[in-house]
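For reference, the structure is listed below as structure tokens.
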Amino acid sequence: MSHSSARPSSAADFLIAPSLLSADFATLGQEVRNVIDSGADWIHFDVMDNHYVPNLTIGPLVCQALRPHTDAVIDVHLMVKPVDRIIPDFAKAGANVITFHPEASEHIDRSLALIRDHGCRAGLVFNPATPLHHLDHVMDRLDLVLLMSVNPGFGGQSFIPETLNKLRAARAKLDEYEARTGRRIRLEIDGGVKVDNIADIARAGADTFVAGSAVFGAGLDTDPNRYDSVIGALRAQLATVAA
């Protein structure tokens, strides 16, 4: 992938990361294989602790169990507080990317360093009302910025329109950083992403797209890998932006 321009120059620069939060947990290994075979790029792994967010999901043991099912990037989003204790467990369980919320860390720089010291890519996650200034002094430690376009805790919520303005602001920060350093930081979006809004989200600056119910709720028994049609529809929309 070319890193010469911050803006995706082709549809291949866009990454689709289906969220397991909306998958069938009784057949999770098969769901992961199907969605990757359907053309998804990453697997987004939502970790909630019923403390930082009002829900409880999955932990490192599930990540470890899924790792043999795919070579795809496992993108672990930690909605837990505190975060430092659990980071090494997910690294050992096979995570490739680990992101967390600034509100959940006493020392953001230290938490980012901990992720990277364990061989993973590191990122910060911003809730809808969390300001972007947390980026200012840790850009050199970041591989990814994730903007929440819903309030975290539950799948199936509607996209918050103000997030488009925040995406543009984040994109400008990341573009300026890349122009200065030559290093690219991905800009991911999570929450309410679907076929009819993914193009607008991409135009606002996102290059990596988490989609949960829009993907796993659209499986077709007639598709070879169950999700080919919906992943294809998302890609078709993204192609209109990169064209």
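Residues in the structure tokens are numbered from 1 in each chain, the chains being A, B, ... in the order shown, and ligands are numbered from 1 in the order shown.
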
Could you list, with a cut-off of 7 Å and counting only C-alpha atoms, the residues of region 26-55 of chain A near region 60-75 of chain A, each shown with its nearest atom pair and the distance in Å rounded to one decimal, rows sorted by chain and ascending number, as a tab-separated table?
```
residue	atom	partner	partner_atom	distance
A:Gly29	CA	A:Leu66	CA	5.9
A:Arg33	CA	A:His69	CA	6.4
A:Asp41	CA	A:Ala72	CA	6.6
A:Trp42	CA	A:Val73	CA	4.9
A:Ile43	CA	A:Ile74	CA	4.9
A:His44	CA	A:Asp75	CA	4.7
A:Phe45	CA	A:Asp75	CA	5.8
```

Would you mind listing what lies within 9 Å of Gly191 (chain A) as a PyMOL selection string, with only C-alpha atoms counted and same-chain residues fewer than 6 positions away left out?
chain A and resi 147-152+155-160+210-212

Which of region 145-200 of chain A fall in strand (DSSP E), as a VMD selection string:
chain A and resid 145 to 148 186 to 190

If you run DSSP over the backbone, which residues in region 104-167 of chain A end up alpha helix (DSSP H)? Put them as number ranges by chain.
A: 108-117, 163-167

Residue contacts of Ile185 (chain A) (9 Å, only C-alpha atoms) excluding same-chain residues fewer than 5 positions away, as a PyMOL selection string
chain A and resi 6+139+142-145+174-175+177-178

With the cut-off set at 12 Å and counting only C-alpha atoms, tabulate each residue of region 96-147 of chain A with an atom at most that distance from an atom of region 84-92 of chain A, showing the nearest atom pair and its distance in Å to one decimal, ordered by chain and increasing number, as a tab-separated table.
```
residue	atom	partner	partner_atom	distance
A:Asn96	CA	A:Ala91	CA	7.2
A:Val97	CA	A:Ala91	CA	8.6
A:Ile98	CA	A:Ile87	CA	7.6
A:Thr99	CA	A:Ile87	CA	9.4
A:Phe100	CA	A:Ile87	CA	9.5
A:His101	CA	A:Asp84	CA	11.5
A:Pro102	CA	A:Asp84	CA	11.7
A:Ala104	CA	A:Asp84	CA	9.2
A:Ser105	CA	A:Asp84	CA	7.4
A:Glu106	CA	A:Asp84	CA	9.2
A:His107	CA	A:Asp84	CA	9.4
A:Ile108	CA	A:Asp84	CA	9.8
A:Asp109	CA	A:Asp84	CA	11.2
A:Arg110	CA	A:Asp84	CA	8.6
A:Ser111	CA	A:Asp84	CA	6.0
A:Leu112	CA	A:Asp84	CA	9.3
A:Ala113	CA	A:Asp84	CA	10.3
A:Leu114	CA	A:Ile87	CA	7.4
A:Ile115	CA	A:Ile87	CA	6.4
A:Arg116	CA	A:Ala91	CA	9.5
A:Asp117	CA	A:Pro88	CA	9.3
A:His118	CA	A:Ala91	CA	6.1
A:Gly119	CA	A:Ala91	CA	7.3
A:Cys120	CA	A:Ala91	CA	6.7
A:Arg121	CA	A:Ala91	CA	9.9
A:Ala122	CA	A:Ile87	CA	10.4
```

I'd like the contact shell of Tyr227 (chain A) - 10 Å cut-off, only C-alpha atoms, skipping same-chain residues fewer than 2 positions apart - returned as a PDB file with C-alpha atoms, in the first residue's frame.
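The result, stored in around19.pdb:
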```
ATOM      1  CA  GLU A  31     -18.238 -16.403  11.293  1.00  0.00           C
ATOM      2  CA  ASN A  34     -16.779 -16.531   6.402  1.00  0.00           C
ATOM      3  CA  VAL A  35     -16.466 -12.767   6.722  1.00  0.00           C
ATOM      4  CA  ILE A  36     -12.770 -12.769   5.763  1.00  0.00           C
ATOM      5  CA  ASP A  37     -13.458 -15.127   2.826  1.00  0.00           C
ATOM      6  CA  SER A  38     -16.200 -12.665   1.802  1.00  0.00           C
ATOM      7  CA  GLY A  39     -13.572  -9.948   1.364  1.00  0.00           C
ATOM      8  CA  ALA A  40     -13.303  -8.196   4.755  1.00  0.00           C
ATOM      9  CA  VAL A 215     -22.454  -6.879   7.921  1.00  0.00           C
ATOM     10  CA  PHE A 216     -23.411  -9.735  10.227  1.00  0.00           C
ATOM     11  CA  GLY A 217     -27.106  -8.859  10.017  1.00  0.00           C
ATOM     12  CA  ALA A 218     -26.987  -9.071   6.214  1.00  0.00           C
ATOM     13  CA  GLY A 219     -25.715 -12.621   5.705  1.00  0.00           C
ATOM     14  CA  LEU A 220     -27.258 -14.527   2.789  1.00  0.00           C
ATOM     15  CA  ASP A 221     -27.460 -18.309   2.584  1.00  0.00           C
ATOM     16  CA  THR A 222     -27.165 -17.889  -1.194  1.00  0.00           C
ATOM     17  CA  ASP A 223     -23.730 -16.215  -0.902  1.00  0.00           C
ATOM     18  CA  PRO A 224     -20.724 -18.570  -1.184  1.00  0.00           C
ATOM     19  CA  ASN A 225     -19.266 -17.198   2.055  1.00  0.00           C
ATOM     20  CA  SER A 229     -22.999  -9.456  -1.119  1.00  0.00           C
ATOM     21  CA  VAL A 230     -22.842  -6.951   1.721  1.00  0.00           C
ATOM     22  CA  ILE A 231     -19.026  -6.660   1.675  1.00  0.00           C
ATOM     23  CA  GLY A 232     -19.273  -6.173  -2.096  1.00  0.00           C
TER      24      GLY A 232
END
```

Using only C-alpha atoms, can you tell me which of A:Ile189, A:Phe154, A:Glu103, A:Ala17 comes closest to Pro54 (chain A)?
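Among the listed residues, the smallest separation from Pro54 (chain A) belongs to A:Phe154.
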
Go through A:Arg226, A:Arg180, A:Arg186, A:Lys194 and flag the residue nearest Leu15 (chain A), using only C-alpha atoms for the distances.
A:Arg186

Please report the interatomic distance between CA of Val53 (chain A) and CA of Arg168 (chain A) in Å with one decimal.
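Taking CA of Val53 (chain A) and CA of Arg168 (chain A), their separation equals 26.3 Å.
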
So which one's closest to Leu164 (chain A), A:Lys81, A:Arg203, A:His51, A:Arg235? Using only C-alpha atoms, please.
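Smallest separation from Leu164 (chain A) among the options: A:Arg203.
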
Counting only C-alpha atoms, the residue of A:Asp140, A:Asp200, A:Asp46, A:Asp228 that sits nearest Val76 (chain A):
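For Val76 (chain A), the nearest of the candidates is A:Asp46.
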